[in-house]
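Source file: my_file_9.txt; contents: compact mmCIF, N, CA and C atoms.
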# COMPACT_ATOMS: atom_id res chain seq x y z
N MET A 1 18.46 22.31 49.53
CA MET A 1 17.64 21.63 48.56
C MET A 1 17.69 22.34 47.22
N GLU A 2 17.74 23.66 47.26
CA GLU A 2 17.81 24.41 46.01
C GLU A 2 19.09 24.07 45.25
N THR A 3 20.20 23.90 45.98
CA THR A 3 21.48 23.53 45.36
C THR A 3 21.38 22.15 44.72
N LEU A 4 20.76 21.20 45.41
CA LEU A 4 20.58 19.85 44.87
C LEU A 4 19.74 19.90 43.60
N THR A 5 18.68 20.67 43.61
CA THR A 5 17.82 20.79 42.44
C THR A 5 18.61 21.31 41.24
N ARG A 6 19.42 22.35 41.46
CA ARG A 6 20.24 22.90 40.36
C ARG A 6 21.27 21.88 39.88
N TYR A 7 21.91 21.17 40.81
CA TYR A 7 22.92 20.17 40.44
C TYR A 7 22.31 19.06 39.59
N LEU A 8 21.19 18.52 40.03
CA LEU A 8 20.56 17.43 39.28
C LEU A 8 20.14 17.87 37.88
N ARG A 9 19.65 19.07 37.80
CA ARG A 9 19.24 19.57 36.49
C ARG A 9 20.44 19.66 35.56
N ALA A 10 21.56 20.16 36.06
CA ALA A 10 22.77 20.29 35.24
C ALA A 10 23.37 18.93 34.90
N ALA A 11 23.37 18.00 35.86
CA ALA A 11 24.01 16.70 35.66
C ALA A 11 23.22 15.78 34.74
N LEU A 12 21.92 15.85 34.77
CA LEU A 12 21.09 14.90 34.03
C LEU A 12 20.46 15.47 32.77
N ALA A 13 20.48 16.79 32.60
CA ALA A 13 19.90 17.37 31.38
C ALA A 13 20.77 16.97 30.19
N PRO A 14 20.27 16.82 29.03
CA PRO A 14 18.93 17.14 28.55
C PRO A 14 17.96 15.98 28.69
N TYR A 15 18.35 14.92 29.35
CA TYR A 15 17.48 13.76 29.50
C TYR A 15 16.40 14.05 30.52
N ASN A 16 15.30 13.32 30.46
CA ASN A 16 14.29 13.45 31.49
C ASN A 16 14.21 12.14 32.24
N TRP A 17 15.08 12.01 33.22
CA TRP A 17 15.10 10.86 34.10
C TRP A 17 14.64 11.34 35.47
N PRO A 18 13.36 11.23 35.78
CA PRO A 18 12.90 11.70 37.09
C PRO A 18 13.60 10.94 38.21
N VAL A 19 13.90 11.64 39.28
CA VAL A 19 14.59 11.03 40.42
C VAL A 19 13.83 11.35 41.70
N TRP A 20 13.73 10.35 42.57
CA TRP A 20 13.15 10.57 43.89
C TRP A 20 14.08 11.48 44.68
N LEU A 21 13.49 12.37 45.46
CA LEU A 21 14.26 13.31 46.27
C LEU A 21 14.27 12.95 47.75
N GLY A 22 13.54 11.93 48.15
CA GLY A 22 13.45 11.62 49.58
C GLY A 22 12.53 12.58 50.31
N VAL A 23 11.58 13.15 49.59
CA VAL A 23 10.61 14.10 50.14
C VAL A 23 9.22 13.48 50.00
N HIS A 24 8.41 13.64 51.04
CA HIS A 24 7.07 13.05 51.01
C HIS A 24 6.12 13.82 51.92
N ASP A 25 4.82 13.56 51.74
CA ASP A 25 3.81 14.11 52.67
C ASP A 25 2.92 12.98 53.18
N ARG A 26 3.54 11.84 53.48
CA ARG A 26 2.79 10.68 53.96
C ARG A 26 2.22 10.89 55.36
N ARG A 27 2.89 11.66 56.19
CA ARG A 27 2.43 11.87 57.56
C ARG A 27 1.17 12.73 57.61
N ALA A 28 1.17 13.80 56.82
CA ALA A 28 0.01 14.71 56.76
C ALA A 28 0.00 15.37 55.39
N GLU A 29 -1.14 15.35 54.73
CA GLU A 29 -1.26 15.91 53.38
C GLU A 29 -0.82 17.37 53.36
N GLY A 30 0.14 17.67 52.48
CA GLY A 30 0.64 19.03 52.33
C GLY A 30 1.80 19.38 53.24
N LEU A 31 2.15 18.51 54.19
CA LEU A 31 3.30 18.72 55.07
C LEU A 31 4.45 17.90 54.51
N TYR A 32 5.35 18.55 53.78
CA TYR A 32 6.42 17.83 53.09
C TYR A 32 7.65 17.73 53.99
N LEU A 33 8.11 16.49 54.14
CA LEU A 33 9.24 16.17 55.00
C LEU A 33 10.28 15.38 54.23
N PHE A 34 11.55 15.52 54.66
CA PHE A 34 12.60 14.63 54.18
C PHE A 34 12.46 13.31 54.92
N GLU A 35 13.14 12.29 54.44
CA GLU A 35 13.08 10.98 55.09
C GLU A 35 13.53 11.05 56.55
N ASN A 36 14.41 12.00 56.90
CA ASN A 36 14.88 12.13 58.28
C ASN A 36 13.91 12.92 59.16
N GLY A 37 12.76 13.33 58.61
CA GLY A 37 11.75 14.05 59.39
C GLY A 37 11.86 15.56 59.33
N GLN A 38 12.91 16.10 58.72
CA GLN A 38 13.10 17.54 58.61
C GLN A 38 12.10 18.13 57.61
N ARG A 39 11.52 19.28 57.96
CA ARG A 39 10.56 19.93 57.06
C ARG A 39 11.26 20.50 55.84
N VAL A 40 10.60 20.43 54.71
CA VAL A 40 11.12 20.99 53.47
C VAL A 40 10.77 22.48 53.43
N SER A 41 11.76 23.32 53.12
CA SER A 41 11.52 24.76 53.09
C SER A 41 11.63 25.35 51.68
N PHE A 42 12.14 24.58 50.73
CA PHE A 42 12.27 25.03 49.34
C PHE A 42 11.43 24.12 48.47
N PHE A 43 10.65 24.68 47.57
CA PHE A 43 9.82 23.89 46.66
C PHE A 43 10.03 24.37 45.23
N ALA A 44 9.99 23.43 44.30
CA ALA A 44 10.14 23.76 42.88
C ALA A 44 9.06 23.03 42.08
N TRP A 45 7.81 23.16 42.51
CA TRP A 45 6.71 22.45 41.86
C TRP A 45 6.56 22.86 40.41
N HIS A 46 6.20 21.89 39.57
CA HIS A 46 5.91 22.15 38.17
C HIS A 46 4.65 23.00 38.08
N ARG A 47 4.68 23.97 37.20
CA ARG A 47 3.50 24.80 36.92
C ARG A 47 3.22 24.74 35.43
N ALA A 48 1.97 24.51 35.08
CA ALA A 48 1.58 24.48 33.67
C ALA A 48 1.84 25.84 33.05
N PRO A 49 2.25 25.85 31.79
CA PRO A 49 2.52 27.14 31.15
C PRO A 49 1.27 28.00 31.08
N SER A 50 1.46 29.29 31.25
CA SER A 50 0.34 30.23 31.13
C SER A 50 0.05 30.45 29.65
N PRO A 51 -1.22 30.66 29.31
CA PRO A 51 -1.54 30.92 27.91
C PRO A 51 -0.92 32.24 27.45
N GLU A 52 -0.59 32.30 26.19
CA GLU A 52 -0.05 33.53 25.61
C GLU A 52 -1.11 34.63 25.71
N PRO A 53 -0.68 35.89 25.90
CA PRO A 53 -1.66 36.99 25.94
C PRO A 53 -2.48 37.02 24.66
N GLY A 54 -3.78 37.12 24.80
CA GLY A 54 -4.68 37.17 23.66
C GLY A 54 -5.07 35.81 23.12
N ALA A 55 -4.46 34.74 23.61
CA ALA A 55 -4.80 33.39 23.14
C ALA A 55 -6.13 32.96 23.73
N ARG A 56 -6.83 32.14 22.99
CA ARG A 56 -8.10 31.60 23.47
C ARG A 56 -7.83 30.58 24.56
N PRO A 57 -8.42 30.72 25.73
CA PRO A 57 -8.16 29.74 26.80
C PRO A 57 -8.72 28.37 26.43
N SER A 58 -7.97 27.33 26.80
CA SER A 58 -8.46 25.98 26.53
C SER A 58 -9.47 25.59 27.61
N ALA A 59 -10.29 24.61 27.30
CA ALA A 59 -11.33 24.17 28.23
C ALA A 59 -10.74 23.54 29.47
N ALA A 60 -9.63 22.83 29.32
CA ALA A 60 -9.01 22.15 30.46
C ALA A 60 -7.50 22.12 30.25
N PRO A 61 -6.73 22.10 31.33
CA PRO A 61 -5.28 22.02 31.17
C PRO A 61 -4.88 20.69 30.55
N HIS A 62 -3.76 20.68 29.89
CA HIS A 62 -3.25 19.45 29.28
C HIS A 62 -3.02 18.42 30.39
N PRO A 63 -3.49 17.18 30.23
CA PRO A 63 -3.38 16.20 31.30
C PRO A 63 -1.95 15.81 31.64
N LEU A 64 -1.01 16.00 30.72
CA LEU A 64 0.38 15.64 31.01
C LEU A 64 1.17 16.80 31.60
N SER A 65 0.56 17.94 31.75
CA SER A 65 1.27 19.09 32.27
C SER A 65 0.44 19.88 33.28
N PRO A 66 -0.16 19.20 34.26
CA PRO A 66 -0.95 19.93 35.26
C PRO A 66 -0.06 20.59 36.30
N ASN A 67 -0.62 21.56 37.00
CA ASN A 67 0.11 22.13 38.12
C ASN A 67 0.32 21.05 39.17
N GLN A 68 1.45 21.10 39.82
CA GLN A 68 1.80 20.14 40.85
C GLN A 68 1.85 20.85 42.20
N PRO A 69 1.65 20.18 43.30
CA PRO A 69 1.23 18.80 43.43
C PRO A 69 -0.27 18.66 43.13
N ASN A 70 -0.63 17.55 42.52
CA ASN A 70 -2.03 17.38 42.13
C ASN A 70 -2.59 16.00 42.48
N GLY A 71 -1.83 15.17 43.18
CA GLY A 71 -2.28 13.80 43.42
C GLY A 71 -2.98 13.56 44.73
N GLY A 72 -3.07 14.57 45.58
CA GLY A 72 -3.74 14.39 46.87
C GLY A 72 -3.16 13.22 47.65
N VAL A 73 -4.02 12.46 48.29
CA VAL A 73 -3.56 11.35 49.13
C VAL A 73 -3.06 10.16 48.30
N LEU A 74 -3.25 10.18 46.99
CA LEU A 74 -2.80 9.07 46.15
C LEU A 74 -1.35 9.22 45.70
N GLU A 75 -0.80 10.42 45.77
CA GLU A 75 0.58 10.67 45.34
C GLU A 75 1.29 11.43 46.44
N ASN A 76 2.09 10.73 47.23
CA ASN A 76 2.68 11.32 48.42
C ASN A 76 4.19 11.49 48.37
N CYS A 77 4.84 11.07 47.30
CA CYS A 77 6.29 11.20 47.21
C CYS A 77 6.65 12.16 46.08
N VAL A 78 7.81 12.81 46.22
CA VAL A 78 8.20 13.87 45.30
C VAL A 78 9.41 13.44 44.47
N ALA A 79 9.29 13.64 43.16
CA ALA A 79 10.39 13.38 42.23
C ALA A 79 10.68 14.67 41.47
N GLN A 80 11.94 14.80 41.07
CA GLN A 80 12.34 15.95 40.27
C GLN A 80 12.56 15.51 38.83
N ALA A 81 11.98 16.25 37.90
CA ALA A 81 12.25 16.02 36.48
C ALA A 81 13.62 16.60 36.18
N SER A 82 14.49 15.79 35.59
CA SER A 82 15.86 16.26 35.38
C SER A 82 16.00 17.22 34.21
N ASP A 83 15.02 17.26 33.31
CA ASP A 83 15.17 18.16 32.17
C ASP A 83 14.93 19.62 32.52
N ASP A 84 14.01 19.90 33.42
CA ASP A 84 13.75 21.29 33.78
C ASP A 84 13.82 21.57 35.28
N GLY A 85 14.08 20.54 36.09
CA GLY A 85 14.23 20.73 37.53
C GLY A 85 12.94 20.85 38.30
N SER A 86 11.81 20.69 37.63
CA SER A 86 10.53 20.85 38.33
C SER A 86 10.19 19.61 39.15
N TRP A 87 9.41 19.82 40.19
CA TRP A 87 9.00 18.74 41.09
C TRP A 87 7.60 18.27 40.73
N TRP A 88 7.40 16.95 40.86
CA TRP A 88 6.11 16.32 40.59
C TRP A 88 5.80 15.38 41.73
N ASP A 89 4.54 15.31 42.14
CA ASP A 89 4.17 14.30 43.14
C ASP A 89 3.78 13.03 42.40
N HIS A 90 4.14 11.89 42.99
CA HIS A 90 3.91 10.58 42.37
C HIS A 90 3.48 9.59 43.44
N ASP A 91 2.94 8.48 42.99
CA ASP A 91 2.70 7.33 43.86
C ASP A 91 4.06 6.85 44.36
N CYS A 92 4.18 6.64 45.64
CA CYS A 92 5.47 6.26 46.23
C CYS A 92 5.97 4.89 45.75
N ASP A 93 5.10 4.07 45.19
CA ASP A 93 5.51 2.76 44.70
C ASP A 93 6.03 2.80 43.26
N ARG A 94 5.99 3.95 42.65
CA ARG A 94 6.48 4.06 41.27
C ARG A 94 8.00 3.85 41.24
N ARG A 95 8.48 3.11 40.26
CA ARG A 95 9.92 2.85 40.14
C ARG A 95 10.59 3.99 39.38
N LEU A 96 11.45 4.71 40.10
CA LEU A 96 12.22 5.80 39.52
C LEU A 96 13.65 5.72 40.05
N TYR A 97 14.55 6.46 39.42
CA TYR A 97 15.89 6.60 39.97
C TYR A 97 15.78 7.36 41.28
N TYR A 98 16.83 7.35 42.07
CA TYR A 98 16.82 8.07 43.34
C TYR A 98 18.16 8.72 43.58
N VAL A 99 18.19 9.65 44.50
CA VAL A 99 19.39 10.40 44.86
C VAL A 99 19.74 10.06 46.29
N CYS A 100 21.00 9.76 46.52
CA CYS A 100 21.48 9.50 47.88
C CYS A 100 22.45 10.61 48.29
N GLU A 101 22.37 11.00 49.53
CA GLU A 101 23.29 11.99 50.08
C GLU A 101 24.17 11.30 51.10
N PHE A 102 25.47 11.57 51.02
CA PHE A 102 26.38 10.98 51.99
C PHE A 102 27.52 11.96 52.24
N PRO A 103 28.11 11.92 53.45
CA PRO A 103 29.24 12.81 53.75
C PRO A 103 30.49 12.35 53.01
N TYR A 104 31.32 13.27 52.66
CA TYR A 104 32.58 12.91 52.01
C TYR A 104 33.73 13.66 52.61

If you took the structure in this file and wrote it as structure tokens, what would it be?
Amino acid sequence: METLTRYLRAALAPYNWPVWLGVHDRRAEGLYLFENGQRVSFFAWHRAPSPEPGARPSAAPHPLSPNQPNGGVLENCVAQASDDGSWWDHDCDRRLYYVCEFPY
């Protein structure tokens, strides 16, 4: 999975075209599985930037850059942002590009 994350970031950057990874926690919250049922062992969740040393802390994190996963039972599927390779949880019905794996 780490190799796929690096490949997608290189292939799709500098654009930000989020892609579904075939990873979800629909069976049990926080238990991330591939579509084939295999457990996910590598994670690249987005993390909000830390404030600069000495900077005044803001009252709340920016709503467009929260730590992920943050959607609870409402967002059960995982997409990768192609610009920085970070993972975000989303509603599974959201229309995004997707990645297919096949033997060659």

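Using only C-alpha atoms, the shortest contact distance between A:Tyr15 and any of A:Glu52, A:Gly85, A:Asn36, A:Gly72 is found at A:Gly85.
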
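Secondary structure by DSSP on the backbone puts the following residues of stretch 3-93 of chain A in helix (DSSP H, G or I): Thr3, Leu4, Thr5, Arg6, Tyr7, Leu8, Arg9, Ala10, Ala11, Leu12, Gly72, Val73 and Leu74 of chain A.
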
Set the distance at 10 Å and use only C-alpha atoms: which residues neighbour stretch 99-101 of chain A once local chain neighbours fewer than 4 positions away are removed? I'd like the list as number ranges by chain.
A: 4, 8, 19-22, 79

How many Å lie between atom CA of A:Tyr97 and atom CA of A:Ser50, rounded to one decimal?
29.6 Å

Take atom CA of A:Tyr32 and atom N of A:Pro51 and report the distance between them in Å, one decimal.
28.1 Å

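With only C-alpha atoms as the atoms that count, the residue of A:Val73, A:Leu96, A:Leu33, A:Ala44 with the shortest distance to A:Thr3 is A:Ala44.
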
Restricting the calculation to only C-alpha atoms: of A:Met1, A:Ala48, A:Ala10, A:Leu31, which residue gets closest to A:Asp83?
A:Ala10

Residue neighbourhood A:Trp45, 9 Å, only C-alpha atoms, exclusion window fewer than 6 positions, as JSON, numbers by chain:
{"A": [67, 68, 69, 80, 85, 86, 87, 88, 89]}

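Of all the residues in chain A, the ones DSSP labels as strand (DSSP E or B) from the backbone are Val19, Trp20, Leu21, Gly22, Val23, His24, Leu33, Phe34, Arg39, Trp45, Cys77, Val78, Ala79, Gln80, Trp87, Trp88, Asp89, His90, Tyr97 and Tyr98 of chain A.
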
Quick one: write out the picked residues with N, CA and C atoms as a compact mmCIF listing (two decimals), keeping the file's coordinate frame?
# COMPACT_ATOMS: atom_id res chain seq x y z
N VAL A 19 13.90 11.64 39.28
CA VAL A 19 14.59 11.03 40.42
C VAL A 19 13.83 11.35 41.70
N TRP A 20 13.73 10.35 42.57
CA TRP A 20 13.15 10.57 43.89
C TRP A 20 14.08 11.48 44.68
N LEU A 21 13.49 12.37 45.46
CA LEU A 21 14.26 13.31 46.27
C LEU A 21 14.27 12.95 47.75
N GLY A 22 13.54 11.93 48.15
CA GLY A 22 13.45 11.62 49.58
C GLY A 22 12.53 12.58 50.31
N VAL A 23 11.58 13.15 49.59
CA VAL A 23 10.61 14.10 50.14
C VAL A 23 9.22 13.48 50.00
N HIS A 24 8.41 13.64 51.04
CA HIS A 24 7.07 13.05 51.01
C HIS A 24 6.12 13.82 51.92
N LEU A 33 8.11 16.49 54.14
CA LEU A 33 9.24 16.17 55.00
C LEU A 33 10.28 15.38 54.23
N PHE A 34 11.55 15.52 54.66
CA PHE A 34 12.60 14.63 54.18
C PHE A 34 12.46 13.31 54.92
N ARG A 39 11.52 19.28 57.96
CA ARG A 39 10.56 19.93 57.06
C ARG A 39 11.26 20.50 55.84
N TRP A 45 7.81 23.16 42.51
CA TRP A 45 6.71 22.45 41.86
C TRP A 45 6.56 22.86 40.41
N CYS A 77 4.84 11.07 47.30
CA CYS A 77 6.29 11.20 47.21
C CYS A 77 6.65 12.16 46.08
N VAL A 78 7.81 12.81 46.22
CA VAL A 78 8.20 13.87 45.30
C VAL A 78 9.41 13.44 44.47
N ALA A 79 9.29 13.64 43.16
CA ALA A 79 10.39 13.38 42.23
C ALA A 79 10.68 14.67 41.47
N GLN A 80 11.94 14.80 41.07
CA GLN A 80 12.34 15.95 40.27
C GLN A 80 12.56 15.51 38.83
N TRP A 87 9.41 19.82 40.19
CA TRP A 87 9.00 18.74 41.09
C TRP A 87 7.60 18.27 40.73
N TRP A 88 7.40 16.95 40.86
CA TRP A 88 6.11 16.32 40.59
C TRP A 88 5.80 15.38 41.73
N ASP A 89 4.54 15.31 42.14
CA ASP A 89 4.17 14.30 43.14
C ASP A 89 3.78 13.03 42.40
N HIS A 90 4.14 11.89 42.99
CA HIS A 90 3.91 10.58 42.37
C HIS A 90 3.48 9.59 43.44
N TYR A 97 14.55 6.46 39.42
CA TYR A 97 15.89 6.60 39.97
C TYR A 97 15.78 7.36 41.28
N TYR A 98 16.83 7.35 42.07
CA TYR A 98 16.82 8.07 43.34
C TYR A 98 18.16 8.72 43.58
